[in-house]
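Student: Please find protein.tsv (TSV, C-alpha atoms) on the next line:
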chain	number	residue	atom	x	y	z
A	1	MET	CA	18.62	-9.19	-2.31
A	2	PHE	CA	18.28	-6.12	-0.07
A	3	GLY	CA	21.08	-7.34	2.18
A	4	GLN	CA	23.45	-7.51	-0.78
A	5	ILE	CA	22.88	-3.89	-1.81
A	6	ALA	CA	22.68	-2.38	1.70
A	7	THR	CA	26.09	-0.65	1.64
A	8	ARG	CA	25.38	0.93	-1.78
A	9	TYR	CA	21.66	1.57	-1.22
A	10	ASP	CA	21.80	5.25	-0.20
A	11	PHE	CA	24.25	6.24	-2.91
A	12	LEU	CA	22.21	4.49	-5.59
A	13	ASN	CA	18.92	6.00	-4.41
A	14	HIS	CA	20.30	9.51	-4.62
A	15	PHE	CA	22.28	8.93	-7.83
A	16	LEU	CA	19.57	7.16	-9.82
A	17	SER	CA	16.87	9.66	-8.77
A	18	PHE	CA	19.19	12.65	-9.42
A	19	GLY	CA	18.72	13.58	-5.76
A	20	VAL	CA	14.95	14.09	-6.09
A	21	ASP	CA	14.29	11.46	-3.40
A	22	TYR	CA	15.35	14.05	-0.76
A	23	TYR	CA	12.55	16.31	-1.96
A	24	TRP	CA	9.98	13.48	-1.88
A	25	ARG	CA	10.70	12.73	1.75
A	26	ARG	CA	10.52	16.40	2.72
A	27	ARG	CA	7.13	16.64	1.01
A	28	ALA	CA	5.93	13.63	2.98
A	29	THR	CA	6.86	15.25	6.29
A	30	ARG	CA	5.20	18.53	5.28
A	31	LEU	CA	1.98	17.13	3.86
A	32	ALA	CA	1.58	14.72	6.81
A	33	PRO	CA	3.53	16.49	9.58
A	34	PRO	CA	4.01	15.09	13.08
A	35	VAL	CA	1.94	16.62	15.86
A	36	GLY	CA	3.54	16.87	19.29
A	37	ASP	CA	6.36	14.59	20.36
A	38	GLY	CA	5.21	11.32	18.86
A	39	PRO	CA	5.72	8.46	18.76
A	40	LEU	CA	5.94	7.76	15.03
A	41	LEU	CA	6.60	4.49	13.21
A	42	ASP	CA	8.40	4.11	9.88
A	43	VAL	CA	8.18	0.59	8.42
A	44	CYS	CA	10.29	-0.92	5.63
A	45	THR	CA	12.65	1.82	6.76
A	46	GLY	CA	15.71	0.50	4.91
A	47	THR	CA	18.57	2.68	6.12
A	48	GLY	CA	16.22	5.08	7.91
A	49	ASP	CA	16.00	8.07	5.55
A	50	LEU	CA	12.29	8.80	6.10
A	51	ALA	CA	12.58	8.11	9.83
A	52	LEU	CA	15.36	10.72	10.08
A	53	ALA	CA	13.39	13.16	7.91
A	54	TYR	CA	10.46	12.89	10.33
A	55	TRP	CA	12.78	13.26	13.32
A	56	ARG	CA	14.10	16.52	11.85
A	57	ALA	CA	10.58	17.69	10.97
A	58	GLY	CA	9.60	17.19	14.61
A	59	GLY	CA	12.28	19.59	15.81
A	60	LYS	CA	14.58	16.68	16.74
A	61	ARG	CA	12.38	15.92	19.77
A	62	LEU	CA	10.15	13.34	18.10
A	63	HIS	CA	10.48	9.69	19.10
A	64	VAL	CA	10.62	7.62	15.92
A	65	VAL	CA	10.64	3.83	15.69
A	66	ALA	CA	12.14	2.58	12.42
A	67	ALA	CA	11.47	-1.06	11.51
A	68	ASP	CA	12.80	-3.29	8.74
A	69	PHE	CA	13.24	-7.02	8.26
A	70	CYS	CA	16.65	-6.68	6.56
A	71	HIS	CA	19.44	-6.80	9.15
A	72	GLU	CA	22.10	-5.42	6.79
A	73	MET	CA	20.02	-2.34	6.03
A	74	LEU	CA	19.56	-1.65	9.74
A	75	VAL	CA	23.32	-1.92	10.35
A	76	VAL	CA	23.84	0.93	7.85
A	77	GLY	CA	20.86	2.81	9.30
A	78	ARG	CA	22.17	2.70	12.86
A	79	LYS	CA	25.42	4.32	11.77
A	80	LYS	CA	23.46	7.10	10.04
A	81	VAL	CA	21.31	7.65	13.12
A	82	GLU	CA	24.38	7.96	15.32
A	83	ARG	CA	26.09	10.37	12.90
A	84	ALA	CA	22.94	12.51	12.90
A	85	GLY	CA	22.93	12.65	16.70
A	86	ALA	CA	19.51	10.98	16.79
A	87	GLY	CA	20.49	7.91	18.81
A	88	SER	CA	18.25	8.77	21.76
A	89	ASN	CA	15.23	9.57	19.57
A	90	VAL	CA	15.31	7.14	16.63
A	91	SER	CA	15.13	3.44	17.48
A	92	LEU	CA	15.81	0.88	14.75
A	93	ILE	CA	14.36	-2.59	15.20
A	94	GLU	CA	14.31	-5.73	13.10
A	95	ALA	CA	10.66	-6.56	12.40
A	96	ASP	CA	8.36	-7.95	9.72
A	97	SER	CA	5.92	-5.29	8.51
A	98	GLU	CA	3.22	-7.94	8.06
A	99	ARG	CA	3.55	-8.94	11.74
A	100	LEU	CA	4.44	-5.76	13.61
A	101	PRO	CA	5.40	-6.31	17.28
A	102	PHE	CA	3.45	-3.29	18.58
A	103	ASP	CA	0.21	-2.73	20.46
A	104	ASN	CA	-2.90	-1.43	18.72
A	105	ASP	CA	-3.45	2.33	18.43
A	106	ARG	CA	0.09	3.35	19.40
A	107	PHE	CA	1.55	5.73	16.78
A	108	GLN	CA	0.44	9.19	15.63
A	109	VAL	CA	1.90	8.59	12.15
A	110	VAL	CA	2.75	5.30	10.49
A	111	SER	CA	4.84	5.79	7.34
A	112	VAL	CA	6.38	3.66	4.63
A	113	ALA	CA	8.55	4.89	1.75
A	114	PHE	CA	9.20	2.76	-1.32
A	115	GLY	CA	8.57	-0.44	0.64
A	116	LEU	CA	4.86	-1.21	0.46
A	117	ARG	CA	5.19	-2.86	-2.95
A	118	ASN	CA	7.77	-5.28	-1.48
A	119	LEU	CA	5.31	-6.89	0.94
A	120	SER	CA	4.11	-10.33	-0.04
A	121	ASP	CA	0.55	-9.58	1.14
A	122	LEU	CA	-0.55	-5.98	0.55
A	123	ARG	CA	-3.88	-6.41	2.36
A	124	CYS	CA	-2.16	-7.81	5.44
A	125	GLY	CA	0.52	-5.11	5.39
A	126	LEU	CA	-1.98	-2.27	5.13
A	127	GLY	CA	-4.01	-3.85	7.92
A	128	GLU	CA	-0.96	-3.84	10.18
A	129	LEU	CA	-0.18	-0.19	9.42
A	130	VAL	CA	-3.74	0.76	10.33
A	131	ARG	CA	-3.83	-1.46	13.43
A	132	VAL	CA	-0.85	0.22	15.11
A	133	CYS	CA	-1.92	3.75	14.14
A	134	ARG	CA	-3.83	5.83	16.69
A	135	PRO	CA	-7.45	6.78	16.01
A	136	GLY	CA	-7.18	10.15	14.29
A	137	GLY	CA	-3.59	9.39	13.29
A	138	ARG	CA	-2.35	9.12	9.73
A	139	VAL	CA	-0.93	6.39	7.53
A	140	VAL	CA	1.54	7.82	5.01
A	141	VAL	CA	2.66	5.88	1.94
A	142	LEU	CA	5.35	7.21	-0.42
A	143	GLU	CA	5.72	4.97	-3.45
A	144	PHE	CA	6.97	4.95	-7.01
A	145	SER	CA	4.36	5.35	-9.75
A	146	MET	CA	4.24	5.80	-13.50
A	147	PRO	CA	3.65	9.31	-14.92
A	148	ILE	CA	0.33	10.01	-16.63
A	149	PHE	CA	1.47	12.76	-19.05
A	150	ARG	CA	2.24	10.73	-22.17
A	151	PRO	CA	5.32	12.46	-23.62
A	152	PHE	CA	7.06	12.45	-20.23
A	153	ARG	CA	5.80	8.91	-19.49
A	154	ALA	CA	7.46	7.67	-22.70
A	155	VAL	CA	10.84	9.22	-21.89
A	156	TYR	CA	10.70	8.20	-18.24
A	157	GLY	CA	9.53	4.69	-19.11
A	158	TRP	CA	12.56	4.24	-21.36
A	159	TYR	CA	14.93	5.40	-18.60
A	160	PHE	CA	13.14	3.38	-15.92
A	161	ARG	CA	12.99	0.11	-17.87
A	162	LYS	CA	16.14	0.26	-19.99
A	163	VAL	CA	18.74	2.54	-18.41
A	164	LEU	CA	18.14	2.48	-14.65
A	165	PRO	CA	18.28	-1.34	-14.24
A	166	LYS	CA	21.56	-1.67	-16.14
A	167	LEU	CA	23.17	1.31	-14.43
A	168	GLY	CA	21.93	0.31	-10.98
A	169	GLN	CA	22.97	-3.31	-11.44
A	170	ALA	CA	26.45	-2.32	-12.60
A	171	LEU	CA	26.96	-0.07	-9.59
A	172	ALA	CA	25.30	-2.33	-7.03
A	173	LYS	CA	27.27	-5.42	-8.12
A	174	ASN	CA	24.83	-7.80	-6.46
A	175	ARG	CA	23.96	-11.30	-7.63
A	176	LEU	CA	20.17	-11.08	-7.46
A	177	ASP	CA	19.27	-8.39	-10.01
A	178	ALA	CA	17.85	-5.90	-7.50
A	179	TYR	CA	17.59	-3.14	-10.07
A	180	ASN	CA	15.80	-5.33	-12.61
A	181	TYR	CA	13.32	-6.11	-9.84
A	182	LEU	CA	12.63	-2.40	-9.25
A	183	PRO	CA	10.80	-1.50	-12.51
A	184	GLU	CA	9.02	-4.86	-12.55
A	185	SER	CA	7.66	-4.35	-9.03
A	186	VAL	CA	6.57	-0.76	-9.73
A	187	GLN	CA	4.68	-1.68	-12.88
A	188	GLU	CA	2.85	-4.53	-11.12
A	189	PHE	CA	1.92	-2.51	-8.02
A	190	PRO	CA	-1.47	-0.72	-7.75
A	191	GLN	CA	-1.24	3.05	-7.90
A	192	GLY	CA	-3.41	6.14	-7.94
A	193	GLU	CA	-7.09	5.60	-7.22
A	194	VAL	CA	-6.59	1.83	-7.08
A	195	LEU	CA	-4.22	2.08	-4.11
A	196	VAL	CA	-6.46	4.74	-2.54
A	197	GLU	CA	-9.30	2.19	-2.60
A	198	ARG	CA	-7.10	-0.49	-1.06
A	199	MET	CA	-6.11	1.85	1.77
A	200	ALA	CA	-9.74	2.83	2.35
A	201	ASP	CA	-10.69	-0.86	2.48
A	202	ALA	CA	-8.04	-1.29	5.21
A	203	GLY	CA	-9.86	1.23	7.41
A	204	LEU	CA	-8.61	4.66	6.40
A	205	SER	CA	-10.70	7.72	5.58
A	206	SER	CA	-10.14	11.24	4.22
A	207	MET	CA	-7.82	9.72	1.66
A	208	ARG	CA	-5.62	12.09	-0.33
A	209	HIS	CA	-2.93	11.35	-2.88
A	210	TYR	CA	-0.35	13.73	-4.29
A	211	PRO	CA	1.61	12.99	-7.50
A	212	LEU	CA	5.23	14.15	-7.15
A	213	THR	CA	7.68	15.07	-9.92
A	214	PHE	CA	5.16	14.57	-12.74
A	215	GLY	CA	3.94	11.34	-11.15
A	216	VAL	CA	7.28	9.54	-10.83
A	217	ALA	CA	6.32	9.06	-7.18
A	218	THR	CA	3.02	9.47	-5.34
A	219	LEU	CA	2.31	10.31	-1.71
A	220	TYR	CA	-0.83	8.77	-0.19
A	221	VAL	CA	-2.22	9.96	3.17
A	222	GLY	CA	-5.19	8.51	5.04
A	223	VAL	CA	-6.66	9.05	8.51
A	224	LYS	CA	-7.56	6.22	10.86
Can I see the file as structure tokens?

Tutor:
Amino acid sequence: MFGQIATRYDFLNHFLSFGVDYYWRRRATRLAPPVGDGPLLDVCTGTGDLALAYWRAGGKRLHVVAADFCHEMLVVGRKKVERAGAGSNVSLIEADSERLPFDNDRFQVVSVAFGLRNLSDLRCGLGELVRVCRPGGRVVVLEFSMPIFRPFRAVYGWYFRKVLPKLGQALAKNRLDAYNYLPESVQEFPQGEVLVERMADAGLSSMRHYPLTFGVATLYVGVK
């Protein structure tokens, strides 16, 4: 499914979110900024948007490893990395986020944007993020959520369930209904205090979560 939409993925993300996804990634890098030169790991990186945002936030000196299990996404991501002039600092690798090929306690920040809900085993995936994070480092999760304010939730829910899937599917032109999967996966995924508890159970402390854009997305940050 992700392979089929890889070449349209960036355009659709920006178009369907009205460009607000740029702001969400900037907020992630500011609320959980890199310290020193790295390294940093971004999992479920897709085409590498959050990895590049962190690279820029680190003054373009930060070493970022960007991992994803979808080869087609990484092909697009490598072209973006080269265009950005980040080829010597941002490394893209094909890897399963539930079986990360890295040593324990390696990365100062381990991030994931809009990918945690796609893992088949959330407990295992969170455990891997914590395992490869350094003691004192941070795990950063940026994920879709449903707004709490009822009038806005009603309007957004209509757009998210009725308009976005049809528009996204028409533009993506893929066979596997990727944009029908999106609202279904968001509504089934734990959010707010529930996800905070799951992350704490995985070994994180000092948990904070920040609703963004009236709760359309939420940023979660925990310390190992």

Student: Compile the contact shell of A:Thr218 as a compact mmCIF listing (two decimals) with C-alpha atoms, in the frame of the given file: residues with an atom at most 9 Å away, counting only C-alpha atoms, same-chain residues fewer than 6 positions apart removed.

Tutor:
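This is the output file out.txt:
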# COMPACT_ATOMS: atom_id res chain seq x y z
CA TRP A 24 9.98 13.48 -1.88
CA VAL A 141 2.66 5.88 1.94
CA LEU A 142 5.35 7.21 -0.42
CA GLU A 143 5.72 4.97 -3.45
CA PHE A 144 6.97 4.95 -7.01
CA SER A 145 4.36 5.35 -9.75
CA GLN A 191 -1.24 3.05 -7.90
CA GLY A 192 -3.41 6.14 -7.94
CA HIS A 209 -2.93 11.35 -2.88
CA TYR A 210 -0.35 13.73 -4.29
CA PRO A 211 1.61 12.99 -7.50
CA LEU A 212 5.23 14.15 -7.15

Student: Excluding stretch 120-133 of chain A and residues on its chain fewer than 4 positions from it, collect all residues at most 8 Å away from it, counting all atoms listed in the file, and give them as a ChimeraX atom specification.

Tutor: /A:97-100,102-110,116,137-139,198-199,202-204,224

Student: How far is it from atom CA of A:Cys44 to atom CA of A:Gln4, in Å with one decimal?

Tutor: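 Atom CA of A:Gln4 lies 16.1 Å from atom CA of A:Cys44.
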
Student: Go through A:Val35, A:Leu41, A:Val194, A:Leu167 and flag the residue nearest A:Leu12, using all atoms listed in the file for the distances.

Tutor: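 Selected residue with least distance to A:Leu12: A:Leu167.
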
Student: With all atoms listed in the file as the basis for distance, which of A:Phe18, A:Phe189, A:Phe11, A:Trp55 is at the shortest distance from A:Phe114?

Tutor: A:Phe189

Student: Looking at only C-alpha atoms, which of A:Val43, A:Leu16, A:Val155, A:Val221 is the one that sits closest to A:Val112?

Tutor: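 Among the listed residues, the smallest separation from A:Val112 belongs to A:Val43.
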
Student: If you count only C-alpha atoms, which residues fall within 9 Å of stretch 49-52 of chain A, apart from same-chain ones fewer than 6 positions away, as an mmCIF file with C-alpha atoms, in the frame of the given file?

Tutor:
data_model
loop_
_atom_site.group_PDB
_atom_site.id
_atom_site.type_symbol
_atom_site.label_atom_id
_atom_site.label_comp_id
_atom_site.auth_asym_id
_atom_site.auth_seq_id
_atom_site.Cartn_x
_atom_site.Cartn_y
_atom_site.Cartn_z
ATOM 1 C CA ASP A 10 21.800 5.250 -0.200
ATOM 2 C CA TYR A 22 15.350 14.050 -0.760
ATOM 3 C CA ARG A 25 10.700 12.730 1.750
ATOM 4 C CA ARG A 26 10.520 16.400 2.720
ATOM 5 C CA ALA A 28 5.930 13.630 2.980
ATOM 6 C CA THR A 29 6.860 15.250 6.290
ATOM 7 C CA LEU A 40 5.940 7.760 15.030
ATOM 8 C CA LEU A 41 6.600 4.490 13.210
ATOM 9 C CA ASP A 42 8.400 4.110 9.880
ATOM 10 C CA VAL A 43 8.180 0.590 8.420
ATOM 11 C CA LYS A 60 14.580 16.680 16.740
ATOM 12 C CA VAL A 64 10.620 7.620 15.920
ATOM 13 C CA VAL A 65 10.640 3.830 15.690
ATOM 14 C CA ALA A 66 12.140 2.580 12.420
ATOM 15 C CA GLY A 77 20.860 2.810 9.300
ATOM 16 C CA LYS A 80 23.460 7.100 10.040
ATOM 17 C CA VAL A 81 21.310 7.650 13.120
ATOM 18 C CA ALA A 84 22.940 12.510 12.900
ATOM 19 C CA ALA A 86 19.510 10.980 16.790
ATOM 20 C CA VAL A 90 15.310 7.140 16.630
ATOM 21 C CA SER A 111 4.840 5.790 7.340
ATOM 22 C CA VAL A 112 6.380 3.660 4.630
ATOM 23 C CA ALA A 113 8.550 4.890 1.750
#

Student: Using all atoms listed in the file, can you tell me which of A:Arg30, A:Val216, A:Lys79, A:Ala95 comes closest to A:Met146?

Tutor: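 For A:Met146, the nearest of the given residues is A:Val216.
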
Student: Considering all atoms listed in the file, can you say which of A:Leu31, A:Gly115, A:Arg150, A:Val76 comes closest to A:Phe214?

Tutor: A:Arg150

Student: For a quick check of understanding, using all atoms listed in the file, which of A:Thr47, A:Ser185, A:Ser205, A:Ser88 has the smallest distance to A:Arg117?

Tutor: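 The shortest atom-to-atom distance to A:Arg117 comes from A:Ser185.
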
Student: Taking (13.5, -7.3, 2.9) in the file's coordinates as the center, which residues reach within 9 Å of it, counting all atoms listed in the file, put as a PyMOL selection string?

Tutor: chain A and resi 1-3+44+46+68-71+73+96+115+118-119

Student: Convert the current residue selection to file output with C-alpha atoms, as an mmCIF file, keeping the file's coordinate frame.

Tutor:
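The result, written out as again.cif:
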data_model
loop_
_atom_site.group_PDB
_atom_site.id
_atom_site.type_symbol
_atom_site.label_atom_id
_atom_site.label_comp_id
_atom_site.auth_asym_id
_atom_site.auth_seq_id
_atom_site.Cartn_x
_atom_site.Cartn_y
_atom_site.Cartn_z
ATOM 1 C CA MET A 1 18.620 -9.190 -2.310
ATOM 2 C CA PHE A 2 18.280 -6.120 -0.070
ATOM 3 C CA GLY A 3 21.080 -7.340 2.180
ATOM 4 C CA CYS A 44 10.290 -0.920 5.630
ATOM 5 C CA GLY A 46 15.710 0.500 4.910
ATOM 6 C CA ASP A 68 12.800 -3.290 8.740
ATOM 7 C CA PHE A 69 13.240 -7.020 8.260
ATOM 8 C CA CYS A 70 16.650 -6.680 6.560
ATOM 9 C CA HIS A 71 19.440 -6.800 9.150
ATOM 10 C CA MET A 73 20.020 -2.340 6.030
ATOM 11 C CA ASP A 96 8.360 -7.950 9.720
ATOM 12 C CA GLY A 115 8.570 -0.440 0.640
ATOM 13 C CA ASN A 118 7.770 -5.280 -1.480
ATOM 14 C CA LEU A 119 5.310 -6.890 0.940
#

Student: Taking the partial coordinates given, rebuild stretch 18-34 of chain A to contain N, CA and C atoms; return it as an mmCIF file, in the frame of the given file.

Tutor:
data_model
loop_
_atom_site.group_PDB
_atom_site.id
_atom_site.type_symbol
_atom_site.label_atom_id
_atom_site.label_comp_id
_atom_site.auth_asym_id
_atom_site.auth_seq_id
_atom_site.Cartn_x
_atom_site.Cartn_y
_atom_site.Cartn_z
ATOM 1 N N PHE A 18 18.624 11.299 -9.249
ATOM 2 C CA PHE A 18 19.190 12.650 -9.420
ATOM 3 C C PHE A 18 18.956 13.507 -8.180
ATOM 4 N N GLY A 19 18.880 12.867 -7.016
ATOM 5 C CA GLY A 19 18.720 13.580 -5.760
ATOM 6 C C GLY A 19 17.297 13.998 -5.435
ATOM 7 N N VAL A 20 16.335 13.667 -6.303
ATOM 8 C CA VAL A 20 14.950 14.090 -6.090
ATOM 9 C C VAL A 20 14.324 13.359 -4.907
ATOM 10 N N ASP A 21 14.872 12.212 -4.524
ATOM 11 C CA ASP A 21 14.290 11.460 -3.400
ATOM 12 C C ASP A 21 14.345 12.263 -2.094
ATOM 13 N N TYR A 22 15.322 13.170 -1.942
ATOM 14 C CA TYR A 22 15.350 14.050 -0.760
ATOM 15 C C TYR A 22 14.074 14.904 -0.717
ATOM 16 N N TYR A 23 13.740 15.462 -1.863
ATOM 17 C CA TYR A 23 12.550 16.310 -1.960
ATOM 18 C C TYR A 23 11.290 15.515 -1.648
ATOM 19 N N TRP A 24 11.171 14.293 -2.138
ATOM 20 C CA TRP A 24 9.980 13.480 -1.880
ATOM 21 C C TRP A 24 9.773 13.245 -0.389
ATOM 22 N N ARG A 25 10.843 12.975 0.301
ATOM 23 C CA ARG A 25 10.700 12.730 1.750
ATOM 24 C C ARG A 25 10.329 14.014 2.493
ATOM 25 N N ARG A 26 10.899 15.134 2.089
ATOM 26 C CA ARG A 26 10.520 16.400 2.720
ATOM 27 C C ARG A 26 9.044 16.694 2.488
ATOM 28 N N ARG A 27 8.552 16.417 1.296
ATOM 29 C CA ARG A 27 7.130 16.640 1.010
ATOM 30 C C ARG A 27 6.259 15.749 1.894
ATOM 31 N N ALA A 28 6.702 14.531 2.116
ATOM 32 C CA ALA A 28 5.930 13.630 2.980
ATOM 33 C C ALA A 28 5.812 14.206 4.384
ATOM 34 N N THR A 29 6.900 14.725 4.920
ATOM 35 C CA THR A 29 6.860 15.250 6.290
ATOM 36 C C THR A 29 6.083 16.553 6.382
ATOM 37 N N ARG A 30 5.945 17.272 5.262
ATOM 38 C CA ARG A 30 5.200 18.530 5.280
ATOM 39 C C ARG A 30 3.715 18.332 5.014
ATOM 40 N N LEU A 31 3.384 17.381 4.150
ATOM 41 C CA LEU A 31 1.980 17.130 3.860
ATOM 42 C C LEU A 31 1.320 16.264 4.929
ATOM 43 N N ALA A 32 2.101 15.516 5.671
ATOM 44 C CA ALA A 32 1.580 14.720 6.810
ATOM 45 C C ALA A 32 2.524 14.938 7.985
ATOM 46 N N PRO A 33 2.550 16.158 8.542
ATOM 47 C CA PRO A 33 3.530 16.490 9.580
ATOM 48 C C PRO A 33 3.224 15.823 10.912
ATOM 49 N N PRO A 34 4.240 15.602 11.727
ATOM 50 C CA PRO A 34 4.010 15.090 13.080
ATOM 51 C C PRO A 34 3.362 16.165 13.946
#
